[in-house]
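J.: Supplied structure: protein24.tsv, TSV, C-alpha atoms.
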```
chain	number	residue	atom	x	y	z
W	204	ASP	CA	68.59	163.37	135.72
W	205	GLN	CA	71.49	163.55	133.31
W	206	GLN	CA	71.05	161.02	130.52
W	207	VAL	CA	74.52	161.59	129.03
W	208	LYS	CA	77.44	161.75	131.40
W	209	GLN	CA	81.04	162.69	130.89
W	210	ASN	CA	82.56	161.95	134.25
W	211	SER	CA	85.98	163.45	133.58
W	212	PRO	CA	85.83	167.26	133.52
W	213	SER	CA	89.39	167.41	132.23
W	214	LEU	CA	92.15	165.30	130.69
W	215	SER	CA	95.80	166.11	130.06
W	216	VAL	CA	97.89	164.19	127.51
W	217	GLN	CA	101.34	164.49	125.97
W	218	GLU	CA	101.63	165.30	122.30
W	219	GLY	CA	101.87	162.15	120.20
W	220	ARG	CA	100.14	159.94	122.76
W	221	ILE	CA	96.58	158.64	122.70
W	222	SER	CA	93.71	160.65	124.16
W	223	ILE	CA	90.70	158.66	125.35
W	224	LEU	CA	87.52	160.53	126.22
W	225	ASN	CA	84.67	158.61	127.79
W	226	CYS	CA	80.92	159.01	127.81
W	227	ASP	CA	78.14	157.02	129.49
W	228	TYR	CA	74.42	157.16	128.81
W	229	THR	CA	71.35	155.87	130.59
W	230	ASN	CA	68.58	156.08	127.98
W	231	SER	CA	68.34	152.75	126.12
W	232	MET	CA	66.39	154.49	123.33
W	233	PHE	CA	69.49	156.39	122.21
W	234	ASP	CA	70.71	154.98	118.92
W	235	TYR	CA	72.84	157.72	117.40
W	236	PHE	CA	75.87	159.21	119.09
W	237	LEU	CA	78.08	162.15	118.20
W	238	TRP	CA	81.23	163.88	119.39
W	239	TYR	CA	81.71	167.62	119.09
W	240	LYS	CA	84.79	169.73	119.71
W	241	LYS	CA	84.50	173.27	121.02
W	242	TYR	CA	87.12	175.98	121.12
W	243	PRO	CA	86.61	179.08	123.31
W	244	ALA	CA	84.28	181.69	121.77
W	245	GLU	CA	83.25	179.28	119.00
W	246	GLY	CA	80.31	176.97	118.53
W	247	PRO	CA	80.66	173.18	118.78
W	248	THR	CA	82.15	171.57	115.68
W	249	PHE	CA	81.01	168.12	114.64
W	250	LEU	CA	83.79	165.52	114.79
W	251	ILE	CA	82.48	162.02	114.33
W	252	SER	CA	79.34	159.99	114.89
W	253	ILE	CA	78.24	156.39	115.23
W	254	SER	CA	74.89	154.66	114.99
W	255	SER	CA	73.92	151.82	117.27
W	256	ILE	CA	74.21	149.23	114.49
W	257	LYS	CA	77.98	149.67	114.62
W	258	ASP	CA	80.52	149.33	117.39
W	259	LYS	CA	83.31	151.34	115.79
W	260	ASN	CA	83.69	154.25	113.43
W	261	GLU	CA	86.98	155.72	112.30
W	262	ASP	CA	87.88	159.01	110.62
W	263	GLY	CA	91.57	159.75	110.37
W	264	ARG	CA	93.01	160.23	113.84
W	265	PHE	CA	89.59	159.94	115.47
W	266	THR	CA	87.86	156.67	116.35
W	267	VAL	CA	84.64	156.26	118.27
W	268	PHE	CA	83.82	152.98	120.01
W	269	LEU	CA	80.34	152.04	121.17
W	270	ASN	CA	79.58	149.39	123.78
W	271	LYS	CA	75.79	149.13	123.82
W	272	SER	CA	75.58	146.58	126.61
W	273	ALA	CA	77.56	148.89	128.89
W	274	LYS	CA	75.89	152.01	127.51
W	275	HIS	CA	79.34	153.46	127.02
W	276	LEU	CA	81.17	155.17	124.21
W	277	SER	CA	84.64	156.53	123.88
W	278	LEU	CA	86.56	158.79	121.54
W	279	HIS	CA	90.17	157.92	120.77
W	280	ILE	CA	92.51	160.50	119.28
W	281	VAL	CA	95.79	159.10	117.97
W	282	PRO	CA	98.24	160.74	117.82
W	283	SER	CA	97.17	163.70	119.93
W	284	GLN	CA	98.25	167.15	118.77
W	285	PRO	CA	98.33	170.48	120.62
W	286	GLY	CA	95.62	171.77	118.27
W	287	ASP	CA	93.30	169.10	119.67
W	288	SER	CA	93.17	171.02	122.95
W	289	ALA	CA	89.49	171.91	123.34
W	290	VAL	CA	86.31	170.90	125.16
W	291	TYR	CA	84.83	167.68	123.79
W	292	PHE	CA	81.09	167.06	124.07
W	293	CYS	CA	79.38	163.71	123.74
W	294	ALA	CA	75.80	163.83	122.44
W	295	ALA	CA	73.07	161.28	121.79
W	296	SER	CA	69.69	161.08	120.14
W	297	ALA	CA	66.90	158.56	119.64
W	298	MET	CA	66.58	158.44	115.87
W	299	SER	CA	63.90	155.77	115.89
W	300	GLY	CA	61.88	157.31	118.68
W	301	GLY	CA	60.23	160.17	116.83
W	302	SER	CA	62.38	162.87	118.41
W	303	ASN	CA	65.26	162.16	116.11
W	304	TYR	CA	66.45	165.72	116.13
W	305	LYS	CA	66.82	166.20	119.85
W	306	LEU	CA	70.44	165.98	120.91
W	307	THR	CA	71.15	165.34	124.58
W	308	PHE	CA	74.62	166.53	125.53
W	309	GLY	CA	77.09	165.69	128.25
W	310	LYS	CA	78.80	168.47	130.18
W	311	GLY	CA	82.03	168.13	128.24
W	312	THR	CA	85.64	167.18	128.90
W	313	LEU	CA	88.44	169.71	128.59
W	314	LEU	CA	91.34	168.06	126.75
W	315	THR	CA	94.77	169.63	127.03
W	316	VAL	CA	97.52	168.27	124.80
W	317	ASN	CA	100.93	169.33	126.03
W	318	PRO	CA	103.78	169.83	123.55
V	255	SER	CA	78.50	171.92	105.78
V	256	ALA	CA	76.33	175.04	105.98
V	257	VAL	CA	77.81	178.33	107.18
V	258	ILE	CA	75.83	179.62	110.17
V	259	SER	CA	76.04	183.25	111.30
V	260	GLN	CA	74.67	184.44	114.62
V	261	LYS	CA	74.16	188.03	115.71
V	262	PRO	CA	75.00	189.50	118.13
V	263	SER	CA	78.02	187.49	119.22
V	264	ARG	CA	77.69	188.87	122.74
V	265	ASP	CA	75.66	191.40	124.70
V	266	ILE	CA	75.20	192.76	128.18
V	267	CYS	CA	71.60	193.60	129.01
V	268	GLN	CA	69.60	195.06	131.85
V	269	ARG	CA	67.13	192.87	133.68
V	270	GLY	CA	63.57	193.19	132.47
V	271	THR	CA	64.58	193.92	128.88
V	272	SER	CA	64.38	191.63	125.85
V	273	LEU	CA	66.97	190.70	123.23
V	274	THR	CA	66.48	189.15	119.82
V	275	ILE	CA	69.19	186.85	118.46
V	276	GLN	CA	69.43	186.24	114.73
V	277	CYS	CA	70.59	183.10	112.95
V	278	GLN	CA	71.35	183.19	109.21
V	279	VAL	CA	72.34	180.14	107.16
V	280	ASP	CA	73.98	180.33	103.75
V	281	SER	CA	71.77	177.60	102.29
V	282	GLN	CA	68.25	176.31	102.76
V	283	VAL	CA	67.96	173.84	105.61
V	284	THR	CA	65.07	171.70	106.75
V	285	MET	CA	65.67	171.82	110.48
V	286	MET	CA	66.80	174.71	112.69
V	287	PHE	CA	67.16	174.56	116.44
V	288	TRP	CA	67.94	176.78	119.39
V	289	TYR	CA	70.04	175.62	122.35
V	290	ARG	CA	71.13	177.15	125.62
V	291	GLN	CA	74.33	176.50	127.53
V	292	GLN	CA	74.24	177.82	131.06
V	293	PRO	CA	77.58	178.33	132.84
V	294	GLY	CA	79.21	175.00	133.63
V	295	GLN	CA	76.34	173.05	132.10
V	296	SER	CA	75.70	171.06	128.95
V	297	LEU	CA	73.85	172.30	125.90
V	298	THR	CA	70.08	172.05	126.29
V	299	LEU	CA	67.59	172.17	123.44
V	300	ILE	CA	65.13	175.05	123.80
V	301	ALA	CA	63.01	174.51	120.71
V	302	THR	CA	62.81	173.51	117.08
V	303	ALA	CA	62.15	176.46	114.79
V	304	ASN	CA	59.52	175.39	112.27
V	305	GLN	CA	59.23	177.25	108.98
V	306	GLY	CA	55.80	178.78	108.59
V	307	SER	CA	54.39	177.54	111.90
V	308	GLU	CA	54.88	177.85	115.64
V	309	ALA	CA	58.08	176.53	117.15
V	310	THR	CA	58.10	173.24	119.06
V	311	TYR	CA	59.30	173.82	122.61
V	312	GLU	CA	61.02	171.36	124.90
V	313	SER	CA	59.90	170.75	128.46
V	314	GLY	CA	60.75	173.71	130.67
V	315	PHE	CA	60.72	176.29	127.87
V	316	VAL	CA	57.70	178.38	126.88
V	317	ILE	CA	56.84	180.64	123.97
V	318	ASP	CA	56.17	183.70	126.14
V	319	LYS	CA	59.73	183.61	127.44
V	320	PHE	CA	61.49	182.47	124.25
V	321	PRO	CA	59.46	183.50	121.19
V	322	ILE	CA	60.94	182.14	117.97
V	323	SER	CA	60.38	183.11	114.37
V	324	ARG	CA	61.34	181.27	111.20
V	325	PRO	CA	60.06	183.16	108.18
V	326	ASN	CA	62.00	181.09	105.62
V	327	LEU	CA	64.42	178.17	105.24
V	328	THR	CA	67.57	180.21	105.90
V	329	PHE	CA	66.71	182.48	108.83
V	330	SER	CA	65.43	182.29	112.40
V	331	THR	CA	65.30	184.51	115.46
V	332	LEU	CA	65.15	183.74	119.17
V	333	THR	CA	63.99	186.40	121.61
V	334	VAL	CA	64.87	186.17	125.28
V	335	SER	CA	62.09	188.13	127.00
V	336	ASN	CA	61.94	189.92	130.34
V	337	MET	CA	65.48	188.87	131.13
V	338	SER	CA	66.79	188.06	134.59
V	339	PRO	CA	70.34	187.14	135.69
V	340	GLU	CA	69.37	183.44	135.41
V	341	ASP	CA	69.12	183.94	131.64
V	342	SER	CA	72.86	184.64	131.43
V	343	SER	CA	73.97	181.89	129.05
V	344	ILE	CA	75.31	181.10	125.64
V	345	TYR	CA	72.50	180.74	123.12
V	346	LEU	CA	73.28	178.66	120.04
V	347	CYS	CA	71.56	178.10	116.75
V	348	SER	CA	72.01	174.79	114.98
V	349	VAL	CA	70.89	173.31	111.68
V	350	GLN	CA	70.45	169.82	110.34
V	351	THR	CA	70.73	169.16	106.64
V	352	GLY	CA	69.71	165.86	105.13
V	353	GLY	CA	67.78	163.11	106.84
V	354	ASN	CA	68.30	160.83	109.80
V	355	ASN	CA	71.78	160.05	111.09
V	356	GLN	CA	73.07	163.41	109.96
V	357	PRO	CA	74.82	165.68	112.46
V	358	GLN	CA	73.66	169.10	113.53
V	359	HIS	CA	75.98	172.00	112.86
V	360	PHE	CA	76.22	174.98	115.18
V	361	GLY	CA	76.75	178.69	114.95
V	362	ASP	CA	79.29	180.38	117.20
V	363	GLY	CA	76.67	181.35	119.74
V	364	THR	CA	75.55	184.52	121.51
V	365	ARG	CA	77.05	185.17	124.91
V	366	LEU	CA	74.43	186.94	126.96
V	367	SER	CA	75.01	188.54	130.36
V	368	ILE	CA	72.17	190.07	132.34
V	369	LEU	CA	72.96	192.66	135.00
```
Would you mind giving the structure from this file in C-alpha coordinates?
T.:
Amino acid sequence: DQQVKQNSPSLSVQEGRISILNCDYTNSMFDYFLWYKKYPAEGPTFLISISSIKDKNEDGRFTVFLNKSAKHLSLHIVPSQPGDSAVYFCAASAMSGGSNYKLTFGKGTLLTVNP
Amino acid sequence: SAVISQKPSRDICQRGTSLTIQCQVDSQVTMMFWYRQQPGQSLTLIATANQGSEATYESGFVIDKFPISRPNLTFSTLTVSNMSPEDSSIYLCSVQTGGNNQPQHFGDGTRLSIL
(Lines of atoms letter the chains of each structure in order from A and count residues from 1; the text may use other names and numbers.)
(Lines give C-alpha, C1' and ligand atoms only; values in the text may rest on other atoms or scores of the structure.)
Protein backbone atom coordinates (compact mmCIF):
# COMPACT_ATOMS: atom_id res chain seq x y z
CA ASP A 1 0.00 0.00 0.00
CA GLN A 2 1.68 3.15 -1.21
CA GLN A 3 1.13 5.98 1.24
CA VAL A 4 2.67 8.66 -1.00
CA LYS A 5 1.65 8.68 -4.63
CA GLN A 6 2.94 10.61 -7.59
CA ASN A 7 0.53 9.62 -10.31
CA SER A 8 2.36 11.27 -13.20
CA PRO A 9 5.53 9.36 -14.11
CA SER A 10 6.60 12.16 -16.42
CA LEU A 11 5.90 15.78 -17.32
CA SER A 12 7.15 17.87 -20.22
CA VAL A 13 7.14 21.69 -20.12
CA GLN A 14 8.46 24.52 -22.26
CA GLU A 15 11.21 26.71 -20.89
CA GLY A 16 9.81 29.78 -19.16
CA ARG A 17 6.44 28.19 -18.40
CA ILE A 18 5.18 26.84 -15.10
CA SER A 19 5.83 23.25 -14.03
CA ILE A 20 3.34 21.74 -11.61
CA LEU A 21 4.19 18.43 -9.96
CA ASN A 22 1.55 16.73 -7.88
CA CYS A 23 1.62 14.38 -4.92
CA ASP A 24 -1.14 12.67 -2.93
CA TYR A 25 -0.87 10.93 0.42
CA THR A 26 -3.13 8.64 2.40
CA ASN A 27 -1.67 8.68 5.92
CA SER A 28 -3.37 11.41 7.98
CA MET A 29 -0.50 11.27 10.49
CA PHE A 30 1.89 12.84 7.97
CA ASP A 31 2.66 16.40 9.02
CA TYR A 32 5.91 17.26 7.27
CA PHE A 33 6.37 17.15 3.53
CA LEU A 34 9.44 17.54 1.33
CA TRP A 35 10.39 17.70 -2.31
CA TYR A 36 13.68 16.33 -3.60
CA LYS A 37 15.27 16.64 -7.03
CA LYS A 38 17.43 13.86 -8.43
CA TYR A 39 19.77 13.96 -11.39
CA PRO A 40 21.07 10.70 -12.93
CA ALA A 41 23.93 9.11 -10.98
CA GLU A 42 23.44 11.53 -8.07
CA GLY A 43 21.61 11.30 -4.78
CA PRO A 44 18.37 13.20 -4.13
CA THR A 45 18.88 16.88 -3.36
CA PHE A 46 16.55 18.61 -0.94
CA LEU A 47 14.50 21.38 -2.57
CA ILE A 48 11.78 22.66 -0.29
CA SER A 49 9.60 21.50 2.57
CA ILE A 50 6.37 22.42 4.30
CA SER A 51 4.87 21.52 7.65
CA SER A 52 1.18 20.87 8.10
CA ILE A 53 0.63 24.13 9.97
CA LYS A 54 1.16 25.98 6.69
CA ASP A 55 -0.53 25.77 3.32
CA LYS A 56 2.20 27.42 1.28
CA ASN A 57 5.96 27.76 1.34
CA GLU A 58 8.02 29.66 -1.21
CA ASP A 59 11.73 29.66 -2.02
CA GLY A 60 12.71 31.56 -5.13
CA ARG A 61 11.24 29.86 -8.18
CA PHE A 62 9.88 26.98 -6.11
CA THR A 63 6.58 27.03 -4.22
CA VAL A 64 4.96 24.13 -2.43
CA PHE A 65 1.22 24.13 -1.72
CA LEU A 66 -0.42 21.85 0.82
CA ASN A 67 -4.13 21.00 0.88
CA LYS A 68 -4.60 18.94 4.03
CA SER A 69 -8.28 18.24 3.52
CA ALA A 70 -7.53 16.74 0.11
CA LYS A 71 -4.29 15.15 1.30
CA HIS A 72 -2.61 16.72 -1.68
CA LEU A 73 0.50 18.78 -2.26
CA SER A 74 2.02 20.30 -5.32
CA LEU A 75 5.32 21.83 -6.34
CA HIS A 76 5.26 24.82 -8.68
CA ILE A 77 8.38 25.86 -10.57
CA VAL A 78 8.17 29.28 -12.21
CA PRO A 79 9.76 29.97 -14.60
CA SER A 80 10.95 26.51 -15.60
CA GLN A 81 14.51 26.19 -16.87
CA PRO A 82 16.22 23.38 -18.79
CA GLY A 83 18.43 22.75 -15.75
CA ASP A 84 15.30 21.82 -13.81
CA SER A 85 15.03 18.64 -15.88
CA ALA A 86 15.31 15.85 -13.31
CA VAL A 87 13.26 13.34 -11.33
CA TYR A 88 11.28 14.99 -8.53
CA PHE A 89 10.37 12.98 -5.43
CA CYS A 90 7.69 13.87 -2.93
CA ALA A 91 8.30 12.62 0.62
CA ALA A 92 6.39 12.75 3.89
CA SER A 93 6.94 12.01 7.54
CA ALA A 94 4.96 11.99 10.78
CA MET A 95 6.96 14.35 12.97
CA SER A 96 4.59 14.12 15.89
CA GLY A 97 4.16 10.37 15.72
CA GLY A 98 7.45 9.25 17.21
CA SER A 99 8.93 8.11 13.90
CA ASN A 100 9.81 11.61 12.89
CA TYR A 101 12.82 10.52 10.91
CA LYS A 102 11.14 8.05 8.61
CA LEU A 103 10.59 9.52 5.18
CA THR A 104 8.05 7.82 2.94
CA PHE A 105 8.71 8.59 -0.72
CA GLY A 106 6.64 8.62 -3.87
CA LYS A 107 7.96 6.95 -7.01
CA GLY A 108 8.97 10.24 -8.59
CA THR A 109 8.05 12.32 -11.62
CA LEU A 110 10.49 12.88 -14.46
CA LEU A 111 10.34 16.55 -15.45
CA THR A 112 11.69 17.55 -18.84
CA VAL A 113 12.00 21.26 -19.60
CA ASN A 114 12.40 21.86 -23.31
CA PRO A 115 14.38 24.88 -24.54
CA SER B 1 24.50 21.15 4.49
CA ALA B 2 26.83 18.24 5.29
CA VAL B 3 28.96 16.67 2.56
CA ILE B 4 28.22 12.94 2.33
CA SER B 5 30.59 10.54 0.58
CA GLN B 6 29.62 6.98 -0.29
CA LYS B 7 31.94 4.21 -1.42
CA PRO B 8 31.84 2.37 -3.73
CA SER B 9 29.76 4.36 -6.19
CA ARG B 10 28.89 1.18 -8.06
CA ASP B 11 29.75 -2.51 -8.08
CA ILE B 12 28.88 -5.74 -9.83
CA CYS B 13 28.88 -8.75 -7.53
CA GLN B 14 28.37 -12.48 -7.73
CA ARG B 15 25.37 -14.01 -6.00
CA GLY B 16 26.10 -15.40 -2.57
CA THR B 17 28.78 -12.82 -1.80
CA SER B 18 28.58 -9.81 0.52
CA LEU B 19 29.46 -6.16 -0.03
CA THR B 20 30.06 -3.42 2.50
CA ILE B 21 29.11 0.15 1.60
CA GLN B 22 30.71 3.04 3.45
CA CYS B 23 29.19 6.42 4.26
CA GLN B 24 31.41 9.26 5.49
CA VAL B 25 30.12 12.68 6.56
CA ASP B 26 32.30 15.77 6.86
CA SER B 27 30.73 16.81 10.17
CA GLN B 28 29.18 15.13 13.17
CA VAL B 29 25.52 14.30 12.67
CA THR B 30 22.94 12.96 15.07
CA MET B 31 20.97 10.79 12.68
CA MET B 32 22.19 8.56 9.84
CA PHE B 33 19.97 6.37 7.71
CA TRP B 34 20.20 3.77 4.97
CA TYR B 35 17.70 3.60 2.10
CA ARG B 36 17.20 1.31 -0.86
CA GLN B 37 15.79 2.20 -4.26
CA GLN B 38 14.89 -0.83 -6.32
CA PRO B 39 14.52 -0.35 -10.10
CA GLY B 40 11.43 1.70 -10.89
CA GLN B 41 10.50 2.03 -7.23
CA SER B 42 10.59 4.72 -4.58
CA LEU B 43 13.21 5.06 -1.88
CA THR B 44 12.55 2.79 1.09
CA LEU B 45 14.10 3.18 4.52
CA ILE B 46 16.11 0.12 5.55
CA ALA B 47 17.27 1.22 8.99
CA THR B 48 18.48 3.99 11.25
CA ALA B 49 22.16 3.67 12.11
CA ASN B 50 22.53 4.36 15.83
CA GLN B 51 25.89 5.44 17.19
CA GLY B 52 27.15 2.99 19.77
CA SER B 53 24.18 0.62 19.61
CA GLU B 54 22.37 -1.72 17.26
CA ALA B 55 20.63 -0.24 14.25
CA THR B 56 16.84 0.13 14.20
CA TYR B 57 15.41 -1.81 11.27
CA GLU B 58 12.19 -1.12 9.40
CA SER B 59 9.62 -3.80 8.71
CA GLY B 60 10.87 -6.23 6.08
CA PHE B 61 14.58 -5.67 6.78
CA VAL B 62 16.66 -7.77 9.17
CA ILE B 63 20.10 -7.46 10.70
CA ASP B 64 21.36 -10.78 9.31
CA LYS B 65 20.79 -9.56 5.76
CA PHE B 66 21.75 -5.89 6.24
CA PRO B 67 24.19 -5.55 9.15
CA ILE B 68 24.97 -1.92 9.93
CA SER B 69 27.76 -0.34 11.92
CA ARG B 70 28.09 3.20 13.24
CA PRO B 71 31.26 3.52 15.26
CA ASN B 72 31.12 7.34 15.53
CA LEU B 73 29.08 10.40 14.56
CA THR B 74 30.59 10.76 11.08
CA PHE B 75 30.76 7.22 9.68
CA SER B 76 28.51 4.24 8.99
CA THR B 77 28.61 1.05 6.95
CA LEU B 78 25.88 -1.09 5.44
CA THR B 79 26.63 -4.67 4.42
CA VAL B 80 24.43 -6.47 1.92
CA SER B 81 24.91 -10.14 2.79
CA ASN B 82 24.50 -13.31 0.75
CA MET B 83 23.41 -11.30 -2.25
CA SER B 84 20.88 -12.43 -4.84
CA PRO B 85 19.73 -10.68 -8.05
CA GLU B 86 16.77 -9.23 -6.08
CA ASP B 87 19.29 -7.14 -4.13
CA SER B 88 20.22 -5.21 -7.28
CA SER B 89 19.35 -1.66 -6.23
CA ILE B 90 20.70 1.74 -5.40
CA TYR B 91 21.66 1.98 -1.74
CA LEU B 92 21.72 5.47 -0.25
CA CYS B 93 23.00 6.93 2.96
CA SER B 94 21.29 9.98 4.40
CA VAL B 95 21.85 12.24 7.39
CA GLN B 96 19.70 14.59 9.39
CA THR B 97 21.26 17.51 11.20
CA GLY B 98 19.33 19.55 13.71
CA GLY B 99 15.97 18.68 15.20
CA ASN B 100 12.45 18.15 13.92
CA ASN B 101 11.31 19.67 10.65
CA GLN B 102 14.80 19.49 9.22
CA PRO B 103 15.37 17.73 5.90
CA GLN B 104 17.52 14.68 5.37
CA HIS B 105 20.43 15.01 2.99
CA PHE B 106 21.60 12.15 0.80
CA GLY B 107 24.82 10.78 -0.55
CA ASP B 108 25.11 9.91 -4.24
CA GLY B 109 24.31 6.27 -3.63
CA THR B 110 25.87 2.91 -4.48
CA ARG B 111 24.58 1.21 -7.60
CA LEU B 112 24.73 -2.51 -6.97
CA SER B 113 24.17 -5.21 -9.59
CA ILE B 114 24.14 -8.88 -8.68
CA LEU B 115 24.83 -11.45 -11.39
J.: Using all atoms listed in the file for the distances, tell me which of V:Ser296, V:Ser348, V:Ser259, V:Ser281 is nearest to chain W.
T.: V:Ser296
J.: May I ask you to extract the residues of chain W within 8 Å of chain V, using all atoms listed in the file, and to give them as an mmCIF file with C-alpha atoms, keeping the file's coordinate frame?
T.:
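To be explicit, this is the file written out as part10.cif:
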```cif
data_model
loop_
_atom_site.group_PDB
_atom_site.id
_atom_site.type_symbol
_atom_site.label_atom_id
_atom_site.label_comp_id
_atom_site.auth_asym_id
_atom_site.auth_seq_id
_atom_site.Cartn_x
_atom_site.Cartn_y
_atom_site.Cartn_z
ATOM 1 C CA TYR W 235 72.840 157.720 117.400
ATOM 2 C CA LEU W 237 78.080 162.150 118.200
ATOM 3 C CA ALA W 244 84.280 181.690 121.770
ATOM 4 C CA GLU W 245 83.250 179.280 119.000
ATOM 5 C CA GLY W 246 80.310 176.970 118.530
ATOM 6 C CA PRO W 247 80.660 173.180 118.780
ATOM 7 C CA THR W 248 82.150 171.570 115.680
ATOM 8 C CA PHE W 249 81.010 168.120 114.640
ATOM 9 C CA SER W 252 79.340 159.990 114.890
ATOM 10 C CA SER W 254 74.890 154.660 114.990
ATOM 11 C CA MET W 298 66.580 158.440 115.870
ATOM 12 C CA ASN W 303 65.260 162.160 116.110
ATOM 13 C CA LYS W 305 66.820 166.200 119.850
ATOM 14 C CA LEU W 306 70.440 165.980 120.910
ATOM 15 C CA THR W 307 71.150 165.340 124.580
ATOM 16 C CA PHE W 308 74.620 166.530 125.530
ATOM 17 C CA GLY W 309 77.090 165.690 128.250
ATOM 18 C CA LYS W 310 78.800 168.470 130.180
ATOM 19 C CA GLY W 311 82.030 168.130 128.240
#
```
J.: Here is a test: counting all atoms listed in the file, which residue of V:Gln292, V:Gln282, V:Thr271, V:Ser307 is nearest to Val257 in chain V?
T.: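 That would be V:Gln282, the residue with the smallest distance to Val257 in chain V.
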J.: Set the distance at 6 Å and use only C-alpha atoms: which residues neighbour Val316 in chain W once local chain neighbours fewer than 4 positions away are removed? I'd like the list as a CSV table (one decimal) with C-alpha atoms, in the coordinates of the input.
T.:
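Dumped to result-v9.csv:
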```csv
chain,number,residue,atom,x,y,z
W,215,SER,CA,95.8,166.1,130.1
W,216,VAL,CA,97.9,164.2,127.5
W,217,GLN,CA,101.3,164.5,126.0
W,218,GLU,CA,101.6,165.3,122.3
W,285,PRO,CA,98.3,170.5,120.6
W,288,SER,CA,93.2,171.0,123.0
```
J.: For a quick check of understanding, using only C-alpha atoms, which of V:Ser335, V:Gly306, V:Phe315, V:Ser342 has the smallest distance to Ser367 in chain V?
T.: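 The shortest atom-to-atom distance to Ser367 in chain V comes from V:Ser342.
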J.: So which one's closest to Val281 in chain W, W:Met232, W:Asp204, W:Arg264, W:Ser296? Using all atoms listed in the file, please.
T.: W:Arg264
J.: May I ask for the distance between CA of Leu250 in chain W and CA of Leu314 in chain W, given in Å to one decimal place?
T.: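 That distance, rounded to one decimal, is 14.4 Å.
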J.: Give me, please, the distance in Å between CA of Asn260 in chain W and CA of Ile221 in chain W, quoted to one decimal.
T.: 16.5 Å
J.: Tell me, in Å to one decimal, how far CA of Ile368 in chain V is from CA of Phe320 in chain V.
T.: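 Value for the CA of Ile368 in chain V-CA of Phe320 in chain V distance: 15.4 Å.
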J.: Nearest to Ile317 in chain V among V:Thr333, V:Pro262, V:Ser343, V:Leu366, with distances taken over only C-alpha atoms: which residue is it?
T.: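 Ranked by minimum distance to Ile317 in chain V, first place goes to V:Thr333.
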J.: Mind checking which residues fall within 8 Å of Val207 in chain W, counting all atoms listed in the file, ignoring those fewer than 6 positions away in the same chain, and posting them as JSON, numbers by chain?
T.: {"W": [226, 227, 228, 229, 293, 294, 295, 307, 308, 309]}
J.: What are the centre and edge lengths in Å, to one decimal, of the axis-aligned box around all listed atoms of range 204-215 of chain W with 6 Å added on each side, as JSON?
T.:
```
{"center_x": 82.2, "center_y": 164.2, "center_z": 132.4, "size_x": 39.2, "size_y": 18.4, "size_z": 18.7}
```
